file query.csv (CSV, N, CA and C atoms)
chain,number,residue,atom,x,y,z
A,1,MET,N,-20.4,27.1,-27.7
A,1,MET,CA,-20.7,28.2,-26.7
A,1,MET,C,-20.0,27.8,-25.4
A,2,THR,N,-19.3,28.6,-24.8
A,2,THR,CA,-18.7,28.3,-23.5
A,2,THR,C,-19.6,28.6,-22.3
A,3,THR,N,-19.4,27.9,-21.3
A,3,THR,CA,-20.2,28.1,-20.1
A,3,THR,C,-19.3,28.6,-18.9
A,4,HIS,N,-18.1,28.9,-19.2
A,4,HIS,CA,-17.2,29.4,-18.1
A,4,HIS,C,-17.7,30.8,-17.7
A,5,PRO,N,-17.8,31.0,-16.4
A,5,PRO,CA,-18.4,32.3,-15.9
A,5,PRO,C,-17.7,33.5,-16.3
A,6,THR,N,-16.4,33.5,-16.4
A,6,THR,CA,-15.6,34.7,-16.7
A,6,THR,C,-15.7,35.0,-18.2
A,7,LYS,N,-16.1,34.0,-19.0
A,7,LYS,CA,-16.1,34.2,-20.5
A,7,LYS,C,-17.5,34.6,-21.0
A,8,LEU,N,-18.5,34.6,-20.1
A,8,LEU,CA,-19.8,34.9,-20.5
A,8,LEU,C,-20.0,36.4,-20.5
A,9,SER,N,-20.5,37.0,-21.6
A,9,SER,CA,-20.6,38.4,-21.6
A,9,SER,C,-21.8,38.9,-20.8
A,10,HIS,N,-22.9,38.1,-20.7
A,10,HIS,CA,-24.1,38.5,-20.1
A,10,HIS,C,-24.1,38.2,-18.6
A,11,ALA,N,-23.0,37.7,-18.1
A,11,ALA,CA,-22.9,37.3,-16.6
A,11,ALA,C,-22.4,38.5,-15.8
A,12,HIS,N,-22.3,39.7,-16.3
A,12,HIS,CA,-21.8,40.8,-15.6
A,12,HIS,C,-22.9,41.5,-14.8
A,13,ASN,N,-24.1,41.3,-15.1
A,13,ASN,CA,-25.1,41.9,-14.3
A,13,ASN,C,-25.7,40.9,-13.3
A,14,ALA,N,-26.4,41.5,-12.3
A,14,ALA,CA,-26.9,40.7,-11.2
A,14,ALA,C,-27.9,39.6,-11.7
A,15,ALA,N,-28.8,39.9,-12.6
A,15,ALA,CA,-29.8,39.0,-13.1
A,15,ALA,C,-29.1,37.8,-13.7
A,16,GLY,N,-28.1,38.0,-14.5
A,16,GLY,CA,-27.3,36.9,-15.2
A,16,GLY,C,-26.6,36.1,-14.2
A,17,LEU,N,-26.0,36.7,-13.1
A,17,LEU,CA,-25.4,35.9,-12.1
A,17,LEU,C,-26.4,35.0,-11.3
A,18,ALA,N,-27.5,35.6,-11.0
A,18,ALA,CA,-28.5,34.8,-10.3
A,18,ALA,C,-29.0,33.6,-11.2
A,19,GLN,N,-29.2,33.9,-12.4
A,19,GLN,CA,-29.6,32.8,-13.3
A,19,GLN,C,-28.6,31.7,-13.4
A,20,ARG,N,-27.3,32.1,-13.5
A,20,ARG,CA,-26.2,31.1,-13.6
A,20,ARG,C,-26.2,30.3,-12.3
A,21,ARG,N,-26.3,31.0,-11.2
A,21,ARG,CA,-26.3,30.3,-9.9
A,21,ARG,C,-27.4,29.3,-9.8
A,22,ASP,N,-28.6,29.7,-10.2
A,22,ASP,CA,-29.8,28.8,-10.2
A,22,ASP,C,-29.5,27.5,-11.1
A,23,ALA,N,-28.9,27.8,-12.2
A,23,ALA,CA,-28.6,26.7,-13.2
A,23,ALA,C,-27.6,25.7,-12.5
A,24,LEU,N,-26.6,26.3,-11.9
A,24,LEU,CA,-25.6,25.4,-11.2
A,24,LEU,C,-26.2,24.6,-10.1
A,25,LEU,N,-27.1,25.3,-9.3
A,25,LEU,CA,-27.7,24.6,-8.2
A,25,LEU,C,-28.6,23.4,-8.7
A,26,ALA,N,-29.3,23.6,-9.8
A,26,ALA,CA,-30.1,22.6,-10.4
A,26,ALA,C,-29.2,21.5,-10.9
A,27,GLU,N,-28.1,21.8,-11.5
A,27,GLU,CA,-27.2,20.8,-12.0
A,27,GLU,C,-26.6,19.9,-10.9
A,28,CYS,N,-26.3,20.6,-9.8
A,28,CYS,CA,-25.7,19.9,-8.6
A,28,CYS,C,-26.8,18.9,-8.0
A,29,ALA,N,-28.0,19.4,-8.0
A,29,ALA,CA,-29.1,18.6,-7.5
A,29,ALA,C,-29.3,17.3,-8.3
A,30,LEU,N,-29.2,17.5,-9.7
A,30,LEU,CA,-29.3,16.4,-10.6
A,30,LEU,C,-28.2,15.4,-10.4
A,31,GLN,N,-27.0,15.9,-10.2
A,31,GLN,CA,-25.8,15.0,-10.0
A,31,GLN,C,-26.0,14.3,-8.7
A,32,ARG,N,-26.5,14.9,-7.6
A,32,ARG,CA,-26.7,14.2,-6.3
A,32,ARG,C,-27.7,13.1,-6.5
A,33,LEU,N,-28.8,13.4,-7.2
A,33,LEU,CA,-29.8,12.4,-7.4
A,33,LEU,C,-29.3,11.2,-8.2
A,34,ALA,N,-28.5,11.5,-9.3
A,34,ALA,CA,-27.9,10.4,-10.1
A,34,ALA,C,-26.9,9.6,-9.2
A,35,LEU,N,-26.1,10.2,-8.4
A,35,LEU,CA,-25.2,9.5,-7.5
A,35,LEU,C,-25.9,8.6,-6.5
A,36,GLY,N,-27.0,9.1,-6.0
A,36,GLY,CA,-27.8,8.2,-5.1
A,36,GLY,C,-28.4,7.0,-5.8
A,37,ILE,N,-28.9,7.2,-7.0
A,37,ILE,CA,-29.4,6.1,-7.8
A,37,ILE,C,-28.3,5.1,-8.1
A,38,GLN,N,-27.1,5.6,-8.5
A,38,GLN,CA,-26.1,4.6,-8.9
A,38,GLN,C,-25.5,3.9,-7.6
A,39,THR,N,-25.5,4.6,-6.5
A,39,THR,CA,-25.1,3.9,-5.2
A,39,THR,C,-26.0,2.8,-4.9
A,40,ARG,N,-27.3,3.1,-5.0
A,40,ARG,CA,-28.3,2.0,-4.7
A,40,ARG,C,-28.2,0.8,-5.6
A,41,GLN,N,-27.9,1.1,-6.9
A,41,GLN,CA,-27.7,0.1,-7.9
A,41,GLN,C,-26.5,-0.8,-7.6
A,42,LEU,N,-25.4,-0.1,-7.1
A,42,LEU,CA,-24.2,-0.9,-6.7
A,42,LEU,C,-24.4,-1.8,-5.5
A,43,LEU,N,-25.2,-1.3,-4.5
A,43,LEU,CA,-25.4,-2.0,-3.3
A,43,LEU,C,-26.6,-3.0,-3.4
A,44,GLU,N,-27.3,-3.0,-4.5
A,44,GLU,CA,-28.5,-3.9,-4.7
A,44,GLU,C,-28.2,-5.4,-4.5
A,45,PRO,N,-27.0,-5.9,-5.0
A,45,PRO,CA,-26.7,-7.3,-4.8
A,45,PRO,C,-26.6,-7.7,-3.4
A,46,PHE,N,-26.3,-6.8,-2.5
A,46,PHE,CA,-26.0,-7.1,-1.1
A,46,PHE,C,-27.2,-6.9,-0.2
A,47,THR,N,-28.4,-6.8,-0.7
A,47,THR,CA,-29.6,-6.5,0.1
A,47,THR,C,-30.4,-7.8,0.2
A,48,GLY,N,-30.9,-8.1,1.4
A,48,GLY,CA,-31.9,-9.1,1.6
A,48,GLY,C,-31.5,-10.5,1.1
A,49,GLY,N,-32.3,-11.1,0.3
A,49,GLY,CA,-32.1,-12.5,-0.2
A,49,GLY,C,-30.9,-12.5,-1.2
A,50,ASN,N,-30.6,-11.4,-1.8
A,50,ASN,CA,-29.5,-11.4,-2.8
A,50,ASN,C,-28.1,-11.7,-2.1
A,51,LEU,N,-28.0,-11.3,-0.9
A,51,LEU,CA,-26.7,-11.5,-0.2
A,51,LEU,C,-26.4,-12.9,0.0
A,52,ARG,N,-27.4,-13.7,0.3
A,52,ARG,CA,-27.2,-15.2,0.5
A,52,ARG,C,-26.8,-15.8,-0.8
A,53,HIS,N,-27.5,-15.4,-1.9
A,53,HIS,CA,-27.2,-15.9,-3.2
A,53,HIS,C,-25.8,-15.5,-3.7
A,54,THR,N,-25.4,-14.3,-3.4
A,54,THR,CA,-24.1,-13.8,-3.8
A,54,THR,C,-23.0,-14.6,-3.1
A,55,LEU,N,-23.2,-14.7,-1.8
A,55,LEU,CA,-22.1,-15.4,-1.0
A,55,LEU,C,-22.1,-16.9,-1.4
A,56,ALA,N,-23.2,-17.5,-1.6
A,56,ALA,CA,-23.2,-18.9,-2.0
A,56,ALA,C,-22.5,-19.2,-3.3
A,57,THR,N,-22.7,-18.3,-4.3
A,57,THR,CA,-22.1,-18.6,-5.5
A,57,THR,C,-20.6,-18.3,-5.5
A,58,ARG,N,-20.1,-17.4,-4.7
A,58,ARG,CA,-18.7,-17.0,-4.6
A,58,ARG,C,-17.9,-18.0,-3.7
A,59,PHE,N,-18.5,-18.5,-2.7
A,59,PHE,CA,-17.8,-19.3,-1.7
A,59,PHE,C,-18.1,-20.8,-1.8
A,60,LYS,N,-18.7,-21.3,-2.9
A,60,LYS,CA,-19.1,-22.7,-3.0
A,60,LYS,C,-17.9,-23.6,-3.0
A,61,ILE,N,-16.9,-23.3,-3.8
A,61,ILE,CA,-15.7,-24.1,-3.9
A,61,ILE,C,-14.9,-24.1,-2.6
A,62,PRO,N,-14.6,-22.9,-2.0
A,62,PRO,CA,-13.9,-23.0,-0.7
A,62,PRO,C,-14.6,-23.7,0.4
A,63,LEU,N,-15.9,-23.5,0.4
A,63,LEU,CA,-16.7,-24.2,1.5
A,63,LEU,C,-16.7,-25.8,1.2
A,64,MET,N,-16.7,-26.2,0.0
A,64,MET,CA,-16.6,-27.6,-0.3
A,64,MET,C,-15.2,-28.2,0.2
A,65,ILE,N,-14.1,-27.4,-0.1
A,65,ILE,CA,-12.8,-27.9,0.3
A,65,ILE,C,-12.7,-27.9,1.8
A,66,GLY,N,-13.2,-26.8,2.4
A,66,GLY,CA,-13.2,-26.8,3.9
A,66,GLY,C,-14.0,-27.9,4.5
A,67,GLY,N,-15.1,-28.3,3.9
A,67,GLY,CA,-15.9,-29.4,4.4
A,67,GLY,C,-15.2,-30.7,4.3
A,68,ALA,N,-14.5,-30.9,3.1
A,68,ALA,CA,-13.7,-32.1,2.9
A,68,ALA,C,-12.6,-32.2,3.9
A,69,VAL,N,-11.9,-31.1,4.2
A,69,VAL,CA,-10.8,-31.1,5.2
A,69,VAL,C,-11.3,-31.4,6.5
A,70,LEU,N,-12.4,-30.8,6.9
A,70,LEU,CA,-13.0,-31.1,8.2
A,70,LEU,C,-13.5,-32.5,8.3
A,71,GLY,N,-14.1,-33.1,7.3
A,71,GLY,CA,-14.5,-34.5,7.3
A,71,GLY,C,-13.3,-35.4,7.4
A,72,LEU,N,-12.3,-35.2,6.7
A,72,LEU,CA,-11.1,-36.0,6.9
A,72,LEU,C,-10.5,-35.9,8.2
A,73,LEU,N,-10.5,-34.7,8.8
A,73,LEU,CA,-10.0,-34.5,10.1
A,73,LEU,C,-10.8,-35.3,11.2
A,74,LEU,N,-12.1,-35.3,11.0
A,74,LEU,CA,-12.9,-36.0,12.0
A,74,LEU,C,-12.9,-37.5,11.8
A,75,VAL,N,-12.8,-38.0,10.5
A,75,VAL,CA,-12.8,-39.4,10.3
A,75,VAL,C,-11.5,-40.1,10.5
A,76,ARG,N,-10.4,-39.5,10.1
A,76,ARG,CA,-9.1,-40.1,10.2
A,76,ARG,C,-8.1,-39.1,10.8
A,77,PRO,N,-8.2,-38.8,12.0
A,77,PRO,CA,-7.3,-37.8,12.6
A,77,PRO,C,-5.9,-38.2,12.7
A,78,ARG,N,-5.6,-39.5,12.9
A,78,ARG,CA,-4.2,-40.0,13.1
A,78,ARG,C,-3.5,-39.9,11.8
A,79,ARG,N,-4.1,-40.1,10.7
A,79,ARG,CA,-3.4,-40.0,9.4
A,79,ARG,C,-3.4,-38.6,8.8
A,80,PHE,N,-4.4,-37.9,9.1
A,80,PHE,CA,-4.6,-36.6,8.4
A,80,PHE,C,-3.8,-35.5,9.1
A,81,LEU,N,-3.7,-35.5,10.4
A,81,LEU,CA,-3.0,-34.4,11.1
A,81,LEU,C,-1.5,-34.3,10.7
A,82,PRO,N,-0.8,-35.4,10.6
A,82,PRO,CA,0.6,-35.3,10.2
A,82,PRO,C,0.7,-34.8,8.7
A,83,LEU,N,-0.2,-35.2,7.9
A,83,LEU,CA,-0.2,-34.8,6.5
A,83,LEU,C,-0.5,-33.3,6.4
A,84,LEU,N,-1.4,-32.8,7.2
A,84,LEU,CA,-1.8,-31.4,7.3
A,84,LEU,C,-0.6,-30.6,7.8
A,85,ARG,N,0.1,-31.0,8.8
A,85,ARG,CA,1.3,-30.3,9.3
A,85,ARG,C,2.4,-30.3,8.3
A,86,ALA,N,2.6,-31.4,7.6
A,86,ALA,CA,3.7,-31.4,6.6
A,86,ALA,C,3.4,-30.5,5.4
A,87,SER,N,2.1,-30.5,5.0
A,87,SER,CA,1.7,-29.6,3.9
A,87,SER,C,1.9,-28.1,4.4
A,88,GLY,N,1.6,-27.8,5.6
A,88,GLY,CA,1.7,-26.4,6.1
A,88,GLY,C,3.2,-26.0,6.1
A,89,ALA,N,4.1,-26.9,6.5
A,89,ALA,CA,5.5,-26.7,6.5
A,89,ALA,C,6.0,-26.5,5.1
A,90,LEU,N,5.6,-27.3,4.2
A,90,LEU,CA,6.0,-27.2,2.8
A,90,LEU,C,5.5,-25.9,2.2
A,91,LEU,N,4.3,-25.5,2.5
A,91,LEU,CA,3.8,-24.2,2.1
A,91,LEU,C,4.7,-23.0,2.6
A,92,ASN,N,5.1,-23.1,3.9
A,92,ASN,CA,5.9,-22.1,4.5
A,92,ASN,C,7.2,-22.0,3.8
A,93,HIS,N,7.9,-23.2,3.5
A,93,HIS,CA,9.1,-23.2,2.8
A,93,HIS,C,9.0,-22.6,1.4
A,94,ALA,N,7.9,-23.0,0.7
A,94,ALA,CA,7.7,-22.5,-0.6
A,94,ALA,C,7.5,-21.0,-0.7
A,95,THR,N,6.8,-20.4,0.3
A,95,THR,CA,6.7,-18.9,0.3
A,95,THR,C,8.0,-18.2,0.6
A,96,THR,N,8.9,-18.8,1.4
A,96,THR,CA,10.1,-18.2,1.7
A,96,THR,C,11.1,-18.3,0.5
A,97,ALA,N,11.0,-19.4,-0.3
A,97,ALA,CA,11.9,-19.6,-1.4
A,97,ALA,C,11.4,-19.0,-2.7
A,98,MET,N,10.2,-18.6,-2.7
A,98,MET,CA,9.6,-18.1,-4.0
A,98,MET,C,10.3,-16.8,-4.5
A,99,PRO,N,10.7,-15.8,-3.6
A,99,PRO,CA,11.4,-14.7,-4.2
A,99,PRO,C,12.8,-15.0,-4.8
A,100,VAL,N,13.5,-16.0,-4.2
A,100,VAL,CA,14.8,-16.4,-4.8
A,100,VAL,C,14.5,-17.1,-6.2
A,101,VAL,N,13.5,-17.9,-6.3
A,101,VAL,CA,13.2,-18.6,-7.5
A,101,VAL,C,12.8,-17.6,-8.6
A,102,LEU,N,12.0,-16.6,-8.2
A,102,LEU,CA,11.6,-15.5,-9.2
A,102,LEU,C,12.8,-14.7,-9.6
A,103,ALA,N,13.7,-14.4,-8.7
A,103,ALA,CA,14.9,-13.6,-9.1
A,103,ALA,C,15.8,-14.4,-10.1
A,104,LEU,N,15.9,-15.7,-9.8
A,104,LEU,CA,16.7,-16.5,-10.7
A,104,LEU,C,16.1,-16.6,-12.1
A,105,ALA,N,14.8,-16.8,-12.1
A,105,ALA,CA,14.0,-16.9,-13.3
A,105,ALA,C,14.1,-15.6,-14.2
A,106,GLN,N,14.1,-14.5,-13.5
A,106,GLN,CA,14.2,-13.2,-14.2
A,106,GLN,C,15.6,-13.0,-14.8
A,107,ARG,N,16.6,-13.5,-14.0
A,107,ARG,CA,18.0,-13.3,-14.5
A,107,ARG,C,18.2,-14.2,-15.7
A,108,PHE,N,17.7,-15.4,-15.7
A,108,PHE,CA,18.0,-16.3,-16.8
A,108,PHE,C,17.1,-16.0,-18.0
A,109,SER,N,15.9,-15.3,-17.8
A,109,SER,CA,15.0,-15.0,-18.9
A,109,SER,C,15.4,-13.8,-19.6
A,110,LYS,N,16.3,-13.0,-19.1
A,110,LYS,CA,16.7,-11.7,-19.8
A,110,LYS,C,17.5,-12.1,-21.1
A,111,LYS,N,17.1,-11.4,-22.1
A,111,LYS,CA,17.8,-11.7,-23.4
A,111,LYS,C,18.9,-10.7,-23.6
A,112,ASP,N,20.0,-11.1,-24.1
A,112,ASP,CA,21.1,-10.2,-24.3
A,112,ASP,C,20.7,-9.2,-25.4
A,113,ALA,N,20.9,-7.9,-25.0
A,113,ALA,CA,20.6,-6.9,-26.0
A,113,ALA,C,21.8,-6.6,-26.9
A,114,PRO,N,21.5,-6.5,-28.2
A,114,PRO,CA,22.7,-6.2,-29.1
A,114,PRO,C,23.3,-4.9,-28.8
A,115,PRO,N,24.6,-4.8,-28.9
A,115,PRO,CA,25.3,-3.5,-28.6
A,115,PRO,C,25.1,-2.4,-29.6

call {"tool": "encode", "arguments": {"input": "query.csv", "output": "structure tokens"}}
result
Amino acid sequence: MTTHPTKLSHAHNAAGLAQRRDALLAECALQRLALGIQTRQLLEPFTGGNLRHTLATRFKIPLMIGGAVLGLLLVRPRRFLPLLRASGALLNHATTAMPVVLALAQRFSKKDAPP
């Protein structure tokens, strides 16, 4: 059975149209209610105490690395700062050279297609 308004034979009178409108309004209200529930379920991990737990589990490794870097910087600044600057420069050179390396790798990895 189709629910398209133009294909309904009983929708030509005023009572049928009013009934169809009421059904559509009820359906829209149910959809709004379902959307509100789903939105609350999606945002539930970010409320109250869950936010601290979520951030702690996702950022544990970066925080540990950051703490180690900060500790080395505070304990041995004379040895660590030149190493940090050299690694930053190396990273900068690697990011500029990476497109060239990728282009060469794609060129050499292409297989010759048979004619």

call {"tool": "atom_distance", "arguments": {"input": "query.csv", "atom1": "atom C of Leu90 (chain A)", "atom2": "atom C of Leu102 (chain A)"}}
result
17.8 Å

call {"tool": "atom_distance", "arguments": {"input": "query.csv", "atom1": "CA of Leu25 (chain A)", "atom2": "atom N of Thr39 (chain A)"}}
result
20.2 Å

call {"tool": "atom_distance", "arguments": {"input": "query.csv", "atom1": "CA of Ile65 (chain A)", "atom2": "atom C of Met98 (chain A)"}}
result
26.1 Å

call {"tool": "decode", "arguments": {"input": "query.csv", "residues": "region 75-86 of chain A", "atoms": "all heavy atoms", "output": "PDB file, in the first residue's frame"}}
result
ATOM      1  N   VAL A  75      65.998  18.868  33.294  1.00  0.00           N
ATOM      2  CA  VAL A  75      67.154  18.228  33.922  1.00  0.00           C
ATOM      3  C   VAL A  75      68.434  18.496  33.142  1.00  0.00           C
ATOM      4  O   VAL A  75      69.471  18.810  33.728  1.00  0.00           O
ATOM      5  CB  VAL A  75      66.903  16.710  34.062  1.00  0.00           C
ATOM      6  CG1 VAL A  75      68.149  15.996  34.536  1.00  0.00           C
ATOM      7  CG2 VAL A  75      65.761  16.478  35.021  1.00  0.00           C
ATOM      8  N   ARG A  76      68.392  18.364  31.835  1.00  0.00           N
ATOM      9  CA  ARG A  76      69.602  18.513  31.023  1.00  0.00           C
ATOM     10  C   ARG A  76      69.363  19.497  29.869  1.00  0.00           C
ATOM     11  O   ARG A  76      69.317  19.100  28.708  1.00  0.00           O
ATOM     12  CB  ARG A  76      70.009  17.167  30.460  1.00  0.00           C
ATOM     13  CG  ARG A  76      70.286  16.141  31.529  1.00  0.00           C
ATOM     14  CD  ARG A  76      70.698  14.838  30.889  1.00  0.00           C
ATOM     15  NE  ARG A  76      70.860  13.803  31.876  1.00  0.00           N
ATOM     16  CZ  ARG A  76      71.996  13.547  32.498  1.00  0.00           C
ATOM     17  NH1 ARG A  76      73.059  14.264  32.244  1.00  0.00           N
ATOM     18  NH2 ARG A  76      72.063  12.575  33.386  1.00  0.00           N
ATOM     19  N   PRO A  77      69.249  20.766  30.169  1.00  0.00           N
ATOM     20  CA  PRO A  77      68.934  21.716  29.096  1.00  0.00           C
ATOM     21  C   PRO A  77      70.068  21.904  28.093  1.00  0.00           C
ATOM     22  O   PRO A  77      69.829  22.151  26.920  1.00  0.00           O
ATOM     23  CB  PRO A  77      68.620  23.013  29.835  1.00  0.00           C
ATOM     24  CG  PRO A  77      69.285  22.895  31.144  1.00  0.00           C
ATOM     25  CD  PRO A  77      69.337  21.433  31.464  1.00  0.00           C
ATOM     26  N   ARG A  78      71.325  21.774  28.527  1.00  0.00           N
ATOM     27  CA  ARG A  78      72.446  22.000  27.605  1.00  0.00           C
ATOM     28  C   ARG A  78      72.543  20.911  26.556  1.00  0.00           C
ATOM     29  O   ARG A  78      72.927  21.155  25.425  1.00  0.00           O
ATOM     30  CB  ARG A  78      73.755  22.079  28.371  1.00  0.00           C
ATOM     31  CG  ARG A  78      73.884  23.338  29.161  1.00  0.00           C
ATOM     32  CD  ARG A  78      75.241  23.411  29.793  1.00  0.00           C
ATOM     33  NE  ARG A  78      75.358  24.606  30.613  1.00  0.00           N
ATOM     34  CZ  ARG A  78      76.380  24.885  31.354  1.00  0.00           C
ATOM     35  NH1 ARG A  78      77.400  24.054  31.397  1.00  0.00           N
ATOM     36  NH2 ARG A  78      76.429  25.983  32.055  1.00  0.00           N
ATOM     37  N   ARG A  79      72.217  19.706  26.933  1.00  0.00           N
ATOM     38  CA  ARG A  79      72.304  18.605  25.980  1.00  0.00           C
ATOM     39  C   ARG A  79      71.030  18.429  25.180  1.00  0.00           C
ATOM     40  O   ARG A  79      71.065  17.978  24.045  1.00  0.00           O
ATOM     41  CB  ARG A  79      72.605  17.299  26.715  1.00  0.00           C
ATOM     42  CG  ARG A  79      73.931  17.269  27.365  1.00  0.00           C
ATOM     43  CD  ARG A  79      74.149  15.963  28.054  1.00  0.00           C
ATOM     44  NE  ARG A  79      75.334  16.000  28.876  1.00  0.00           N
ATOM     45  CZ  ARG A  79      75.633  15.117  29.778  1.00  0.00           C
ATOM     46  NH1 ARG A  79      74.815  14.109  30.004  1.00  0.00           N
ATOM     47  NH2 ARG A  79      76.730  15.210  30.481  1.00  0.00           N
ATOM     48  N   PHE A  80      69.938  18.766  25.774  1.00  0.00           N
ATOM     49  CA  PHE A  80      68.659  18.450  25.158  1.00  0.00           C
ATOM     50  C   PHE A  80      68.217  19.498  24.142  1.00  0.00           C
ATOM     51  O   PHE A  80      67.622  19.157  23.120  1.00  0.00           O
ATOM     52  CB  PHE A  80      67.593  18.285  26.238  1.00  0.00           C
ATOM     53  CG  PHE A  80      66.299  17.781  25.715  1.00  0.00           C
ATOM     54  CD1 PHE A  80      66.197  16.488  25.216  1.00  0.00           C
ATOM     55  CD2 PHE A  80      65.178  18.577  25.674  1.00  0.00           C
ATOM     56  CE1 PHE A  80      65.001  16.018  24.719  1.00  0.00           C
ATOM     57  CE2 PHE A  80      63.991  18.111  25.181  1.00  0.00           C
ATOM     58  CZ  PHE A  80      63.902  16.823  24.705  1.00  0.00           C
ATOM     59  N   LEU A  81      68.473  20.754  24.392  1.00  0.00           N
ATOM     60  CA  LEU A  81      68.019  21.794  23.462  1.00  0.00           C
ATOM     61  C   LEU A  81      68.635  21.658  22.069  1.00  0.00           C
ATOM     62  O   LEU A  81      67.912  21.771  21.072  1.00  0.00           O
ATOM     63  CB  LEU A  81      68.274  23.178  24.047  1.00  0.00           C
ATOM     64  CG  LEU A  81      67.285  23.605  25.137  1.00  0.00           C
ATOM     65  CD1 LEU A  81      67.663  24.970  25.678  1.00  0.00           C
ATOM     66  CD2 LEU A  81      65.880  23.644  24.580  1.00  0.00           C
ATOM     67  N   PRO A  82      69.934  21.415  21.932  1.00  0.00           N
ATOM     68  CA  PRO A  82      70.458  21.219  20.566  1.00  0.00           C
ATOM     69  C   PRO A  82      69.860  19.993  19.871  1.00  0.00           C
ATOM     70  O   PRO A  82      69.594  20.028  18.667  1.00  0.00           O
ATOM     71  CB  PRO A  82      71.965  21.048  20.777  1.00  0.00           C
ATOM     72  CG  PRO A  82      72.252  21.698  22.061  1.00  0.00           C
ATOM     73  CD  PRO A  82      71.030  21.505  22.905  1.00  0.00           C
ATOM     74  N   LEU A  83      69.624  18.943  20.643  1.00  0.00           N
ATOM     75  CA  LEU A  83      69.007  17.750  20.071  1.00  0.00           C
ATOM     76  C   LEU A  83      67.573  18.040  19.621  1.00  0.00           C
ATOM     77  O   LEU A  83      67.142  17.594  18.552  1.00  0.00           O
ATOM     78  CB  LEU A  83      69.025  16.616  21.097  1.00  0.00           C
ATOM     79  CG  LEU A  83      68.420  15.292  20.664  1.00  0.00           C
ATOM     80  CD1 LEU A  83      69.244  14.706  19.525  1.00  0.00           C
ATOM     81  CD2 LEU A  83      68.357  14.340  21.834  1.00  0.00           C
ATOM     82  N   LEU A  84      66.858  18.811  20.408  1.00  0.00           N
ATOM     83  CA  LEU A  84      65.485  19.172  20.055  1.00  0.00           C
ATOM     84  C   LEU A  84      65.452  20.051  18.802  1.00  0.00           C
ATOM     85  O   LEU A  84      64.613  19.857  17.922  1.00  0.00           O
ATOM     86  CB  LEU A  84      64.834  19.896  21.235  1.00  0.00           C
ATOM     87  CG  LEU A  84      63.357  20.214  21.129  1.00  0.00           C
ATOM     88  CD1 LEU A  84      62.552  18.916  21.052  1.00  0.00           C
ATOM     89  CD2 LEU A  84      62.907  21.028  22.316  1.00  0.00           C
ATOM     90  N   ARG A  85      66.381  21.009  18.707  1.00  0.00           N
ATOM     91  CA  ARG A  85      66.419  21.860  17.517  1.00  0.00           C
ATOM     92  C   ARG A  85      66.809  21.066  16.279  1.00  0.00           C
ATOM     93  O   ARG A  85      66.264  21.272  15.193  1.00  0.00           O
ATOM     94  CB  ARG A  85      67.375  23.011  17.740  1.00  0.00           C
ATOM     95  CG  ARG A  85      66.732  24.049  18.642  1.00  0.00           C
ATOM     96  CD  ARG A  85      67.698  24.919  19.349  1.00  0.00           C
ATOM     97  NE  ARG A  85      68.209  26.077  18.683  1.00  0.00           N
ATOM     98  CZ  ARG A  85      69.383  26.607  19.021  1.00  0.00           C
ATOM     99  NH1 ARG A  85      70.128  26.039  19.919  1.00  0.00           N
ATOM    100  NH2 ARG A  85      69.806  27.700  18.435  1.00  0.00           N
ATOM    101  N   ALA A  86      67.750  20.149  16.415  1.00  0.00           N
ATOM    102  CA  ALA A  86      68.169  19.321  15.274  1.00  0.00           C
ATOM    103  C   ALA A  86      67.028  18.418  14.815  1.00  0.00           C
ATOM    104  O   ALA A  86      66.806  18.241  13.612  1.00  0.00           O
ATOM    105  CB  ALA A  86      69.383  18.496  15.653  1.00  0.00           C
TER     106      ALA A  86
END
